[in-house]
Amino acid sequence: MHAESEILFRDSAAKALLDPQLRANFRRAMDGLVAKRRAQFPDPKDLQDLRDLSTAIRSRSLLNLPALLEKLEKSCTKNGIKVHWAETCEQANELILGLLQARGAKHLVKGKSMVSEEMHLNAFLEAHGIEALESDLGEYIIQLDGETPSHIIMPAIHKNKDQIARQFSQKIKDAKYTEDVDELTAMARRVLRQKFLDADAGLSGVNFAVAETGTLCLVENEGNGRMSTHVPPLHIAVMGLEKVVATLEEVAPLYAILTRSATGQAVSTYFNLITGPRGNDEKDGPQEVHLVILDNGRSRIYADPQLRATLRCIRCGACMNHCPVYTRVGGHAYEAVYPGPIGKILTPQIEGVGVRHDLLHGSSLCGACAEVCPVEIPIPDILVRLRREATHEDPSSNVVGKGTGRTASEDRAWRIWAGVLKRPAIYRLATWFATRFGWALPASAPLIKSWTQFRTKPVPARRSLSERMRAEGGRHD
Amino acid sequence: MNATLEAFKTRAEAVSAEVHRFTGRQEALAFILGFLREAGVSAAPQCGAVWVAGTFLDGTVQAELHSQVPGISFDVTQEASAAAKVGVSQLDWAIARTGTLVQDATAVEKRLVSSLPPIHVALIGTDRILEDMGSVLQHLRPDQFNYISFITGPSRTADIERVLTIGVHGPEQLLIVVVDEFDRVTP
Ligand code: SF4
């Protein structure tokens, strides 16, 4: 029955709606991102062509996933990149801890990586006495307050500059209060620069991994990703196993559609192709490069032909920027690492459709996400499928928590409904009552209220259809 | 000016890079030395310039540059780069369509000079500007190079209220010097 530790999106969303500051922060930011993306795609036909191509590339990569991953490992190994596999987040965390401890590393500086958020790596390392410092400006801002990202591309977008000014003046040593964005950025730069130079290890995410050449592609604007991967002596990259593509030729269109969909930039400031550690004759740069490939439920998603589309995602964030729900409640209301539409289908598939049942229903199925998604993930269709999975225990499905999302009262209601439909006499009696007295039921009656809270109460017809048929001489064949 | 160069310049300037073009190497060199002096490069601490020598300097006596602008160093280490004001390096290719510079940055000093100092001066031959990413990748196969960098404009962020801010972790100023006769050694 209903899973114990259920987290209710309904409650957190309702709370977020009451925060005008938060709503204004999101509204402004999302409107800006939507306009910038639109400016990058002036021709709908060009956009559609690029989406078709990107979708085809991602679908094909997934079709050959096991073979591509094997090939990636082979190519990386040949290049001197050590590959590690982790089935669970715990394994991945232990692996990384092991790598750091073996080298006596105490200070890790991180580029942006959503997978490391998924692993809750920072907290894990801190618990083992290793400092894990976020260097992406947005990630740094939220780390200062111990928050989680509220957007996959712009992690601190829920805060405005006054809030950040206050935060910096309290938490950064010798910082003065300023609301000037340039000065705030310079402050973070100063703190982080020293950390880069002192770090024993750098960690980064991976946007695309090329199987053929064993190349890790990194997309970024700030330069922290580059620094995390070439200033400290050890570089660890983490990726979800779906990130692999066959060839470098396939990366070009994906990169082109990623930056334009995400931030409305034609290209990012930096795009790095990393194919190996430093050469023998080099004085600086990482001596070792490690790649940790995380499963965490992905191979199960992969096994389902419909749900597999979830793994096409290139994490551009366009679906959240365009989502009428996300833009109003913001990312934290989802209480998940991945918020917004992609999070609504990904989180329940990883954590269980029962515990995150509520999330599946926090959508009007308007379809804005699927319309902008660069790799055409049918998010609304997948939501509908998962809603069904949550309440039905289909023996052929391997969805986690299937059938555990139905509440006891829901179950009782359906049983009563079935009972009424099975007995014509009772059914007739019930419709007779509903048609005669239904109008008199107050909108505030217990069960009816949850419907009428936001909608007008439907008034039943004066006579049921079969009564009218009989009265008006229709034939009942 | 040829169309490819024109397109490159427009795109690079649109992302806040500065583009200067010269016919010969001597002119370009004089411009760079002037720029370094103006930027305050000197032998004083934190005022140096780190320069990764490339074919652009073939036939130039490095000691002479040093005597013209004390503070220039050709011995590039992480420490020197972190303390320098300006980093100078030669890039391998450029992409007209996006205003992007491309570099085989396998040698780590090339990455250090373009990421640690606040100003990066990038040298590129006019004939090295190609149409798009695809044409560049035909020359720079990652199976042959350990680290390829694509650089489009100075370091930037919009993480605070989506306000565009230049110069976060990487350089805040990117000066691109395009030279027509890049490889011809002038006597
Ligand atoms: S689901 Fe589509 S739109 Fe959303 S982040 Fe992934 S790729 Fe972008």
# chains A, B, ... in the order shown; residues from 1 in each chain; ligands from 1

$ residues_near_ligand --ligand "ligand 1" --cutoff "6 Å" --atoms "only C-alpha atoms and all ligand atoms" --output "count of residues only"
12

$ interface_residues --of "chain B" --to "chain A" --cutoff "6 Å" --atoms "only C-alpha atoms" --output "list in words"
Val108, Asp143, Asn146, Tyr147, Ile148, Ser149, Phe150, Ile151, Thr152, Gly153, Ser155, Arg156, Thr157, Asp159, Glu161, Val168, His169 and Gly170 of chain B

$ closest_residue --among "A:Ser364, A:Ala262, A:Val245, A:Tyr302" --to "A:Pro380" --atoms "only C-alpha atoms"
A:Ser364

$ atom_distance --atom1 "atom CA of B:Leu140" --atom2 "atom CA of B:Ala105"
10.8 Å

$ select_by_dssp --residues "stretch 1-168 of chain B" --states "helix (DSSP H, G or I)" --output "PyMOL selection string"
chain B and resi 3-14+25-38+55-57+62-68+78-83+108-115+126-128+133-137

$ select_by_dssp --residues "stretch 137-215 of chain A" --states "strand (DSSP E or B)" --output "list in words"
Ala201, Gly202, Leu203, Ser204, Phe208, Ala209, Val210 and Thr215 of chain A

$ write_last_selection --atoms "C-alpha atoms" --output "CSV table (one decimal), in the first residue's frame"
chain,number,residue,atom,x,y,z
A,201,ALA,CA,42.3,16.6,-6.8
A,202,GLY,CA,39.8,17.9,-9.2
A,203,LEU,CA,36.4,16.4,-10.1
A,204,SER,CA,34.2,17.1,-13.1
A,208,PHE,CA,29.4,13.5,-23.7
A,209,ALA,CA,31.8,10.5,-23.7
A,210,VAL,CA,33.0,9.4,-27.1
A,215,THR,CA,37.3,11.3,-25.2

$ atom_distance --atom1 "atom CA of B:Thr55" --atom2 "atom CA of B:Val179"
12.2 Å

$ atom_distance --atom1 "atom CA of A:Leu97" --atom2 "atom CA of A:Ile130"
8.6 Å

$ residues_around --residues "A:Arg463" --least-positions-apart "3" --cutoff "10 Å" --atoms "only C-alpha atoms" --output "list in words"
Thr431, Trp432, Ala434, Thr435, Arg436, Pro460, Ser466, Glu467, Arg468 and Met469 of chain A

$ residues_around --residues "B:Asp132" --least-positions-apart "6" --cutoff "12 Å" --atoms "only C-alpha atoms" --output "list of chain:residue names"
A:Ala252, A:Pro253, A:Ala256, A:Val267, B:Thr4, B:Ala7, B:Phe8, B:Trp93, B:Ala94, B:Ile95, B:Ala96, B:Arg97, B:Thr98, B:Gly99, B:Thr100, B:Leu101, B:Val102, B:Gln138, B:His139

$ residues_around --residues "stretch 15-29 of chain B" --least-positions-apart "4" --cutoff "6 Å" --atoms "only C-alpha atoms" --output "list in words"
Gly153, Leu174, Leu175, Ile176, Val177, Val178, Val179, Asp180 and Glu181 of chain B

$ residues_around --residues "stretch 63-69 of chain B" --least-positions-apart "4" --cutoff "12 Å" --atoms "only C-alpha atoms" --output "ChimeraX atom specification"
/B:29-30,32-44,47-51,53,57,59,73-75

$ write_last_selection --atoms "C-alpha atoms" --output "mmCIF file, in the first residue's frame"
data_model
loop_
_atom_site.group_PDB
_atom_site.id
_atom_site.type_symbol
_atom_site.label_atom_id
_atom_site.label_comp_id
_atom_site.auth_asym_id
_atom_site.auth_seq_id
_atom_site.Cartn_x
_atom_site.Cartn_y
_atom_site.Cartn_z
ATOM 1 C CA LEU B 29 54.761 41.765 -32.375
ATOM 2 C CA ALA B 30 55.147 45.523 -31.941
ATOM 3 C CA ILE B 32 51.633 42.995 -28.544
ATOM 4 C CA LEU B 33 54.676 44.496 -26.848
ATOM 5 C CA GLY B 34 52.908 47.848 -26.734
ATOM 6 C CA PHE B 35 49.825 46.198 -25.287
ATOM 7 C CA LEU B 36 51.846 44.424 -22.602
ATOM 8 C CA ARG B 37 53.548 47.655 -21.587
ATOM 9 C CA GLU B 38 50.240 49.437 -21.420
ATOM 10 C CA ALA B 39 48.731 46.627 -19.357
ATOM 11 C CA GLY B 40 51.455 47.313 -16.829
ATOM 12 C CA VAL B 41 53.572 44.233 -17.417
ATOM 13 C CA SER B 42 56.865 44.617 -15.611
ATOM 14 C CA ALA B 43 59.369 42.732 -13.518
ATOM 15 C CA ALA B 44 57.458 43.615 -10.334
ATOM 16 C CA CYS B 47 52.910 41.910 -12.997
ATOM 17 C CA GLY B 48 54.517 39.370 -15.276
ATOM 18 C CA ALA B 49 53.484 37.958 -18.631
ATOM 19 C CA VAL B 50 53.846 34.273 -19.409
ATOM 20 C CA TRP B 51 54.363 33.408 -23.063
ATOM 21 C CA ALA B 53 56.621 30.310 -27.489
ATOM 22 C CA LEU B 57 58.425 33.665 -32.416
ATOM 23 C CA GLY B 59 63.558 33.918 -35.716
ATOM 24 C CA SER B 73 58.788 34.989 -19.178
ATOM 25 C CA PHE B 74 58.975 32.024 -21.516
ATOM 26 C CA ASP B 75 59.376 29.569 -18.689
#

$ residues_around --residues "A:Val83" --least-positions-apart "2" --cutoff "7 Å" --atoms "only C-alpha atoms" --output "CSV table (one decimal) with N, CA and C atoms, in the first residue's frame"
chain,number,residue,atom,x,y,z
A,73,GLU,N,35.3,2.0,-22.6
A,73,GLU,CA,36.3,1.5,-21.6
A,73,GLU,C,37.6,1.2,-22.2
A,77,THR,N,41.0,3.2,-21.6
A,77,THR,CA,42.2,2.5,-21.0
A,77,THR,C,43.4,2.7,-21.9
A,81,ILE,N,43.3,6.6,-19.4
A,81,ILE,CA,42.2,7.0,-18.4
A,81,ILE,C,41.7,5.7,-17.8
A,85,TRP,N,33.5,1.2,-12.6
A,85,TRP,CA,32.0,1.0,-12.8
A,85,TRP,C,31.4,1.0,-11.4
A,290,HIS,N,40.8,9.6,-14.0
A,290,HIS,CA,39.9,8.4,-13.7
A,290,HIS,C,38.5,8.8,-14.1
A,291,LEU,N,37.8,7.8,-14.7
A,291,LEU,CA,36.4,8.0,-15.1
A,291,LEU,C,35.5,7.0,-14.3
A,292,VAL,N,34.5,7.6,-13.5
A,292,VAL,CA,33.6,6.7,-12.8
A,292,VAL,C,32.3,6.7,-13.5

$ closest_residue --among "A:Leu17, A:Leu311, A:Ala199, A:Val289" --to "A:Arg58" --atoms "only C-alpha atoms"
A:Leu311
